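Participant: Before I ask anything, let me first share the structure, which is written out below as C-alpha cells.
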Amino acid sequence: MNTSSAPTLSSSLEKGRPVFSISPFTLLDFPDRTGCILWFAGCNMRCSYCYNPEIVLGKGKRSWGHVREFLLSRRDLLDGVVFSGGECTIHPQIISFAMEVKAMGFEVKIDTNGSRPEVLRQLVEEKLVDYVALDFKAMAGNYWKITRSDLFLAFEKSLEFLLSSSLRFEVRTTIHSKLLTAGEIEKMEDWLREKGYTETYYLQHFNGDKETLEDLGKSQKPVLNQNDVVWRN
C-alpha cells in the first residue's frame, strides 16, 4: 500500500462536519477487502425502510480533519474505505475527499442510490473509485412510493454509465413485502438484464431489527421464480 504523504484539503473545504460516524472495520462491505465505512450525513431520498434515519435526517458529527486523522492511523492496516450514508454523492466535496483517500493509498468503494450520475462519472473517469454498489429502489412507476423522489431517470443514467465502463460494480435492492411484490421484483431483474447487466443481482430482505424511517411492520420474504439472484442476510 502506498504510504506517501497525502495532499490535504484547503481550509475552506475543511469547514463543516460531513460525516455522521465511522465504522472502523468491516469485512462485509467491500468485496475481498478489509475496510472501514464513512457514513455521510444527509440524503436526497426518504425510503421508508431506511435503517439509518439518524444519518438521513441528522447532521454530520465529524469534520474531515477528524476523518483524516483516523484514516492516517489505519494505513497499512486496511485496504479500502467505503463512502456510504445517507447519500455520499450529494456532498460537494466528495471528489476532493475521494482524491485525498486515494492519495493515502486506500481503495475506495461508493455506496450510492445513483441520483448523481455526473458525480459518479467524474469519480470513475478520474480513477477515484474502485468499486460501486448501486441501489435499485424500484421501477419508474413505483419510484416515488419507495423513495419519495423523482430520481429514477438519474438512477438509470448512473446504471447505463456503469455498464459502459470497466469499473467493478454491483446492483442491489432492499425488499419489504408492503412495498415490492414478487412480480415487481422479477420485473426489476428482467429490466436489469435487458439493460445488459449480467452480474449478480443482490436482494436484501427487510428484517426490521433496527429503527427505520417509517414503521412498516414485518415483511414476508417473497418467493421468486428467478434462480439467478442472490439473497443477502
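Residue numbering restarts at 1 in every chain; chains get A, B, ... in the order shown in the C-alpha cells, and ligands count up from 1 in that same order.
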Going by DSSP on the backbone, which bits of range 18-212 of chain A are alpha helix (DSSP H)? Write them as a PyMOL selection string, please.
Facilitator: chain A and resi 53-57+64-72+94-103+117-125+140-147+152-164+182-195
Participant: Please write the residues from the selection above to a file, keeping C-alpha atoms, as a compact mmCIF listing (two decimals), in the first residue's frame.
Facilitator:
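Dumped to selection26.txt:
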# COMPACT_ATOMS: atom_id res chain seq x y z
CA PRO A 53 -32.84 7.61 9.85
CA GLU A 54 -30.47 9.41 12.20
CA ILE A 55 -27.95 9.72 9.34
CA VAL A 56 -30.51 10.67 6.68
CA LEU A 57 -32.28 13.28 8.81
CA TRP A 64 -12.93 15.90 7.57
CA GLY A 65 -9.90 16.69 9.72
CA HIS A 66 -11.10 14.08 12.23
CA VAL A 67 -11.70 11.59 9.42
CA ARG A 68 -8.21 12.24 8.05
CA GLU A 69 -6.59 11.55 11.41
CA PHE A 70 -8.47 8.27 11.67
CA LEU A 71 -7.53 7.16 8.15
CA LEU A 72 -3.88 8.05 8.61
CA ILE A 94 -16.90 14.27 -2.41
CA ILE A 95 -14.38 14.43 -5.29
CA SER A 96 -11.76 16.08 -3.08
CA PHE A 97 -12.46 13.62 -0.28
CA ALA A 98 -12.00 10.63 -2.60
CA MET A 99 -8.86 12.17 -4.06
CA GLU A 100 -7.30 12.50 -0.63
CA VAL A 101 -8.28 8.98 0.44
CA LYS A 102 -6.80 7.52 -2.76
CA ALA A 103 -3.61 9.51 -2.21
CA PRO A 117 -24.70 10.39 -12.39
CA GLU A 118 -22.46 13.35 -13.19
CA VAL A 119 -20.61 12.93 -9.87
CA LEU A 120 -20.32 9.20 -10.40
CA ARG A 121 -18.89 9.76 -13.87
CA GLN A 122 -16.26 12.17 -12.55
CA LEU A 123 -15.24 9.75 -9.79
CA VAL A 124 -14.81 6.94 -12.30
CA GLU A 125 -13.13 8.95 -15.04
CA ALA A 140 -40.17 4.08 -12.56
CA GLY A 141 -43.85 3.53 -11.68
CA ASN A 142 -43.05 2.71 -8.05
CA TYR A 143 -40.09 5.01 -7.56
CA TRP A 144 -41.95 7.79 -5.81
CA LYS A 145 -43.71 5.37 -3.49
CA ILE A 146 -40.41 3.87 -2.39
CA THR A 147 -38.10 6.90 -2.34
CA PHE A 152 -35.46 7.28 -11.43
CA LEU A 153 -34.04 8.75 -14.66
CA ALA A 154 -30.92 9.84 -12.79
CA PHE A 155 -30.54 6.31 -11.43
CA GLU A 156 -30.99 4.90 -14.94
CA LYS A 157 -28.24 7.20 -16.27
CA SER A 158 -25.92 6.01 -13.50
CA LEU A 159 -26.62 2.38 -14.34
CA GLU A 160 -26.06 2.96 -18.05
CA PHE A 161 -22.80 4.75 -17.38
CA LEU A 162 -21.51 1.96 -15.13
CA LEU A 163 -22.47 -0.61 -17.74
CA SER A 164 -20.42 1.29 -20.33
CA ALA A 182 -42.54 -10.81 -6.06
CA GLY A 183 -43.84 -9.89 -9.50
CA GLU A 184 -42.39 -6.38 -9.26
CA ILE A 185 -39.01 -7.73 -8.19
CA GLU A 186 -38.98 -10.12 -11.14
CA LYS A 187 -39.77 -7.23 -13.49
CA MET A 188 -36.87 -5.30 -11.98
CA GLU A 189 -34.46 -8.14 -12.66
CA ASP A 190 -35.77 -8.60 -16.20
CA TRP A 191 -35.27 -4.86 -16.82
CA LEU A 192 -31.71 -5.05 -15.48
CA ARG A 193 -30.88 -7.97 -17.76
CA GLU A 194 -32.39 -6.17 -20.75
CA LYS A 195 -30.15 -3.22 -19.94
Participant: List as a ChimeraX atom specification the protein and nucleic acid residues near Ser48 in chain A, meaning an atom at most 10 Å away when only C-alpha atoms are counted, but skip any in the same chain fewer than 2 places from it.
Facilitator: /A:45-46,50-51,53,145-148,176,179,212-216
Participant: Rounded to one decimal place, report the CA of Asn44 in chain A-CA of Asp209 in chain A distance in Å.
Facilitator: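 About the pair CA of Asn44 in chain A and CA of Asp209 in chain A: they are 23.9 Å apart.
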Participant: With a distance cut-off of 9 Å and only C-alpha atoms, select the neighbouring residues of Leu203 in chain A, excluding the residue or stretch itself and same-chain residues fewer than 6 positions from it, and output the selection as a ChimeraX atom specification.
Facilitator: /A:171-175,229-233
Participant: Please produce an output containing C-alpha atoms for each residue in the selection, written as a JSON list (two decimals), in the first residue's frame.
Facilitator:
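In the end it all went to again_9.json:
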[["chain", "number", "residue", "atom", "x", "y", "z"],
["A", 171, "VAL", "CA", -26.70, -3.75, -8.17],
["A", 172, "ARG", "CA", -28.73, -4.41, -5.04],
["A", 173, "THR", "CA", -32.31, -3.97, -3.82],
["A", 174, "THR", "CA", -33.84, -3.85, -0.34],
["A", 175, "ILE", "CA", -37.24, -5.51, -0.20],
["A", 229, "VAL", "CA", -30.46, -13.63, -7.85],
["A", 230, "VAL", "CA", -28.67, -13.82, -4.51],
["A", 231, "TRP", "CA", -30.24, -13.05, -1.16],
["A", 232, "ARG", "CA", -28.07, -11.35, 1.40],
["A", 233, "ASN", "CA", -28.68, -11.62, 5.10]]
Participant: Skipping near chain neighbours, those fewer than 4 positions away, what residues fall within 8 Å of Leu38 in chain A using only C-alpha atoms, listed as a compact mmCIF listing (two decimals) with C-alpha atoms, in the first residue's frame?
Facilitator:
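What landed in part.txt:
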# COMPACT_ATOMS: atom_id res chain seq x y z
CA VAL A 19 -19.52 12.58 8.23
CA PHE A 20 -22.05 11.33 10.77
CA SER A 21 -19.95 8.44 12.08
CA ILE A 22 -17.22 5.95 11.22
CA SER A 23 -17.38 2.15 11.35
CA VAL A 81 -12.61 2.96 2.56
CA VAL A 82 -16.37 2.79 1.93
CA PHE A 83 -18.20 6.07 1.31
CA SER A 84 -21.78 5.40 2.43
CA GLY A 85 -24.65 7.25 4.06
Participant: Which neighbours of Thr34 in chain A fall inside 7 Å, counting only C-alpha atoms, when residues of the same chain fewer than 4 positions from it are skipped, and could you give them as a list of chain:residue names?
Facilitator: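 After dropping sequence-adjacent residues, the list is A:Thr26, A:Leu27, A:Phe30, A:Leu78, A:Asp79, A:Gly80.
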Participant: Between A:Leu180, A:Ala41, A:Met104, A:Cys36, which has the minimum distance to Lys61 in chain A (counting only C-alpha atoms)?
Facilitator: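 The shortest atom-to-atom distance to Lys61 in chain A comes from A:Ala41.
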